[in-house]
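Participant: Please read through the structure below; I'll follow up with questions.
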Amino acid sequence: MLTDPAPHNSDLTGFRESDRMTTLELPENDGLPAIAKSIETAMKAEQTANVRRACADFVRIESKFYEVSDCNVRVLAAKPLKVREQWTMELFGDYAPETMVIRVWMRTAVRKEITSFGTFLSTLCHEFCHHLDFKKFNFADSWHTRGFYERAAVLYHHARGTPRKRLVWAPMSRGRWRIDWQRTRRSTEGVS
């Protein structure tokens, strides 16, 4: 995961604020781990309609807690695959702020197999955090900042019922950052 470069316009203040916001207030006893488990069960059974319903429940409960407009979720089949000479990109999900629609793909692009539950849930949390950036925090854009990835991770671990991992960041060129997964894993080994 790589952060976006900082904008060079009036959006810089919002970008910096997003980068500083590394946590989210979380609801108690909201049933998200149970909903996440129902998503996982429906995915394993390849029951797309049940996955769609559970994702809609997830978004509805979170929208109510954060006091934002509810958004729609579309669960689609195989992920789009963009192929160029030097690279290939697989799209996991997206969010359209103008229509407030989250799209998540349930199958891999090449083999058309059910994607891993962890990846799917992480994508749903990621896209919902884009919704929060626009509707709760009133950012002009929803940048991929360190804070954004941290907030998405907080929501993911809450929904999964797992302890939050401390993300370790490595600097890149042009003021960008990437998650150093090797150091992140090492920093959480043995943590229960």
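As shown in the structure tokens, the chain order sets the letters A, B, ...; within each chain, residues go from 1, and ligands are also counted from 1 in the order they appear.
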For Pro33 (chain A), find every residue with an atom within 8 Å (counting only C-alpha atoms), except residues of its own chain fewer than 4 positions away, and show them as a PyMOL selection string.
Facilitator: chain A and resi 37+158-161
Participant: Can you pull out every residue within 8 Å of Val68 (chain A), counting only C-alpha atoms, but drop anything in the same chain fewer than 4 positions away, and send it as a PyMOL selection string?
Facilitator: chain A and resi 63-64+132+135-136
Participant: Pick the closest to Ala6 (chain A) from A:Ala36, A:Thr162, A:Ser142, A:Tyr156: which is it, counting only C-alpha atoms?
Facilitator: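 When distances to Ala6 (chain A) are compared using only C-alpha atoms, the smallest one comes from A:Ser142.
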Participant: List the spatial neighbours of Leu32 (chain A) as a ChimeraX atom specification - criterion: any atom at most 12 Å away, only C-alpha atoms, same-chain residues fewer than 5 positions off excluded.
Facilitator: /A:26-27,37-39,54-62,65,121,125,155-162
Participant: Residues within 12 Å of Ser187 (chain A), please, as JSON, numbers by chain. Count only C-alpha atoms; anything in the same chain fewer than 4 positions from it doesn't count.
Facilitator: {"A": [164, 165, 166, 167, 168, 169, 180, 181, 182, 183, 191, 192]}
Participant: Pick out each residue of region 73-164 of chain A that DSSP on the backbone tags as helix (DSSP H, G or I); I need them as a PyMOL selection string.
Facilitator: chain A and resi 117-135+146-160
Participant: Can those selected residues be exported to a file as an mmCIF file, in the first residue's frame so that it contains N, CA and C atoms?
Facilitator:
data_model
loop_
_atom_site.group_PDB
_atom_site.id
_atom_site.type_symbol
_atom_site.label_atom_id
_atom_site.label_comp_id
_atom_site.auth_asym_id
_atom_site.auth_seq_id
_atom_site.Cartn_x
_atom_site.Cartn_y
_atom_site.Cartn_z
ATOM 1 N N PHE A 117 -11.409 -14.088 2.172
ATOM 2 C CA PHE A 117 -12.310 -13.304 3.005
ATOM 3 C C PHE A 117 -11.602 -12.077 3.574
ATOM 4 N N GLY A 118 -10.358 -12.243 4.063
ATOM 5 C CA GLY A 118 -9.622 -11.117 4.637
ATOM 6 C C GLY A 118 -9.454 -9.974 3.653
ATOM 7 N N THR A 119 -9.112 -10.301 2.428
ATOM 8 C CA THR A 119 -8.953 -9.281 1.388
ATOM 9 C C THR A 119 -10.288 -8.598 1.095
ATOM 10 N N PHE A 120 -11.346 -9.387 1.005
ATOM 11 C CA PHE A 120 -12.672 -8.844 0.714
ATOM 12 C C PHE A 120 -13.129 -7.894 1.823
ATOM 13 N N LEU A 121 -13.008 -8.335 3.086
ATOM 14 C CA LEU A 121 -13.439 -7.494 4.208
ATOM 15 C C LEU A 121 -12.576 -6.237 4.305
ATOM 16 N N SER A 122 -11.284 -6.386 4.090
ATOM 17 C CA SER A 122 -10.382 -5.233 4.105
ATOM 18 C C SER A 122 -10.795 -4.215 3.036
ATOM 19 N N THR A 123 -11.166 -4.704 1.871
ATOM 20 C CA THR A 123 -11.610 -3.817 0.783
ATOM 21 C C THR A 123 -12.909 -3.111 1.156
ATOM 22 N N LEU A 124 -13.851 -3.834 1.743
ATOM 23 C CA LEU A 124 -15.116 -3.221 2.158
ATOM 24 C C LEU A 124 -14.855 -2.114 3.186
ATOM 25 N N CYS A 125 -13.996 -2.382 4.162
ATOM 26 C CA CYS A 125 -13.657 -1.367 5.172
ATOM 27 C C CYS A 125 -12.963 -0.167 4.527
ATOM 28 N N HIS A 126 -12.044 -0.435 3.612
ATOM 29 C CA HIS A 126 -11.311 0.614 2.898
ATOM 30 C C HIS A 126 -12.292 1.536 2.158
ATOM 31 N N GLU A 127 -13.203 0.937 1.417
ATOM 32 C CA GLU A 127 -14.151 1.741 0.633
ATOM 33 C C GLU A 127 -15.118 2.490 1.541
ATOM 34 N N PHE A 128 -15.527 1.885 2.662
ATOM 35 C CA PHE A 128 -16.397 2.595 3.599
ATOM 36 C C PHE A 128 -15.660 3.799 4.199
ATOM 37 N N CYS A 129 -14.362 3.667 4.430
ATOM 38 C CA CYS A 129 -13.584 4.798 4.945
ATOM 39 C C CYS A 129 -13.529 5.942 3.939
ATOM 40 N N HIS A 130 -13.553 5.644 2.645
ATOM 41 C CA HIS A 130 -13.671 6.716 1.647
ATOM 42 C C HIS A 130 -15.006 7.445 1.845
ATOM 43 N N HIS A 131 -16.063 6.689 2.082
ATOM 44 C CA HIS A 131 -17.385 7.271 2.334
ATOM 45 C C HIS A 131 -17.323 8.204 3.547
ATOM 46 N N LEU A 132 -16.667 7.740 4.623
ATOM 47 C CA LEU A 132 -16.540 8.579 5.822
ATOM 48 C C LEU A 132 -15.744 9.856 5.545
ATOM 49 N N ASP A 133 -14.697 9.743 4.751
ATOM 50 C CA ASP A 133 -13.891 10.929 4.440
ATOM 51 C C ASP A 133 -14.752 12.035 3.823
ATOM 52 N N PHE A 134 -15.650 11.662 2.931
ATOM 53 C CA PHE A 134 -16.504 12.652 2.277
ATOM 54 C C PHE A 134 -17.668 13.083 3.155
ATOM 55 N N LYS A 135 -18.330 12.146 3.810
ATOM 56 C CA LYS A 135 -19.596 12.442 4.490
ATOM 57 C C LYS A 135 -19.452 12.816 5.961
ATOM 58 N N ARG A 146 -1.372 8.004 5.236
ATOM 59 C CA ARG A 146 -1.085 7.041 6.304
ATOM 60 C C ARG A 146 -2.271 6.971 7.259
ATOM 61 N N GLY A 147 -2.846 8.124 7.572
ATOM 62 C CA GLY A 147 -4.007 8.147 8.453
ATOM 63 C C GLY A 147 -5.180 7.377 7.872
ATOM 64 N N PHE A 148 -5.408 7.523 6.566
ATOM 65 C CA PHE A 148 -6.504 6.787 5.929
ATOM 66 C C PHE A 148 -6.314 5.283 6.102
ATOM 67 N N TYR A 149 -5.109 4.788 5.782
ATOM 68 C CA TYR A 149 -4.851 3.346 5.907
ATOM 69 C C TYR A 149 -4.959 2.892 7.361
ATOM 70 N N GLU A 150 -4.544 3.734 8.294
ATOM 71 C CA GLU A 150 -4.666 3.392 9.717
ATOM 72 C C GLU A 150 -6.138 3.287 10.121
ATOM 73 N N ARG A 151 -6.967 4.251 9.670
ATOM 74 C CA ARG A 151 -8.399 4.217 10.004
ATOM 75 C C ARG A 151 -9.064 2.983 9.422
ATOM 76 N N ALA A 152 -8.723 2.659 8.173
ATOM 77 C CA ALA A 152 -9.293 1.459 7.542
ATOM 78 C C ALA A 152 -8.882 0.206 8.312
ATOM 79 N N ALA A 153 -7.645 0.170 8.797
ATOM 80 C CA ALA A 153 -7.167 -0.989 9.569
ATOM 81 C C ALA A 153 -7.898 -1.098 10.906
ATOM 82 N N VAL A 154 -8.161 0.035 11.542
ATOM 83 C CA VAL A 154 -8.907 0.030 12.806
ATOM 84 C C VAL A 154 -10.288 -0.587 12.587
ATOM 85 N N LEU A 155 -10.975 -0.139 11.530
ATOM 86 C CA LEU A 155 -12.311 -0.660 11.235
ATOM 87 C C LEU A 155 -12.248 -2.146 10.887
ATOM 88 N N TYR A 156 -11.267 -2.544 10.091
ATOM 89 C CA TYR A 156 -11.105 -3.947 9.706
ATOM 90 C C TYR A 156 -10.913 -4.841 10.936
ATOM 91 N N HIS A 157 -9.984 -4.483 11.798
ATOM 92 C CA HIS A 157 -9.716 -5.328 12.971
ATOM 93 C C HIS A 157 -10.898 -5.346 13.934
ATOM 94 N N HIS A 158 -11.624 -4.237 14.014
ATOM 95 C CA HIS A 158 -12.838 -4.226 14.832
ATOM 96 C C HIS A 158 -13.872 -5.207 14.270
ATOM 97 N N ALA A 159 -14.092 -5.130 12.963
ATOM 98 C CA ALA A 159 -15.074 -6.021 12.325
ATOM 99 C C ALA A 159 -14.637 -7.478 12.399
ATOM 100 N N ARG A 160 -13.365 -7.705 12.316
ATOM 101 C CA ARG A 160 -12.826 -9.072 12.334
ATOM 102 C C ARG A 160 -12.718 -9.611 13.755
#
Participant: Which of these, A:Ala45, A:Met21, A:Val51, A:Leu2, has the shortest distance to Ser173 (chain A) once you count only C-alpha atoms?
Facilitator: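 Nearest candidate to Ser173 (chain A) out of A:Ala45, A:Met21, A:Val51, A:Leu2: A:Leu2.
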Participant: What is the distance, in Å and to one decimal place, between CA of Gln86 (chain A) and CA of Met1 (chain A)?
Facilitator: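 Interatomic distance here is 18.8 Å.
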Participant: Taking only C-alpha atoms into account, name the residue in A:Thr184, A:Asn50, A:Thr41, A:Thr145 that is nearest to Thr22 (chain A).
Facilitator: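 Going through A:Thr184, A:Asn50, A:Thr41, A:Thr145 one by one, the smallest distance to Thr22 (chain A) is for A:Thr145.
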Participant: Could you tell me how far CA of Ile114 (chain A) lies from CA of His144 (chain A), in Å and to one decimal?
Facilitator: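 The value is 26.2 Å.
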Participant: I need the residues of region 2-176 of chain A that end up classed as strand (DSSP E or B) by DSSP on the backbone, written out as an MDAnalysis selection string.
Facilitator: chainID A and resid 2 72:78 81:83 88:90 93:96 101:107 114 169:171
Participant: Go ahead and compute the interatomic distance for CA of Arg103 (chain A) and CA of Leu76 (chain A), in Å to one decimal.
Facilitator: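 Rounded to one decimal, the two atoms are 7.0 Å apart.
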Participant: When you count only C-alpha atoms, which of these residues is closest to Phe137 (chain A): A:Glu67, A:Ser10, A:Glu40, A:Asp4?
Facilitator: A:Glu67
Participant: Let me make sure I understand: among A:Phe92, A:Gly14, A:Val75, A:Pro97, which one has the smallest atom-to-atom distance to Gln47 (chain A) if we use only C-alpha atoms?
Facilitator: A:Val75
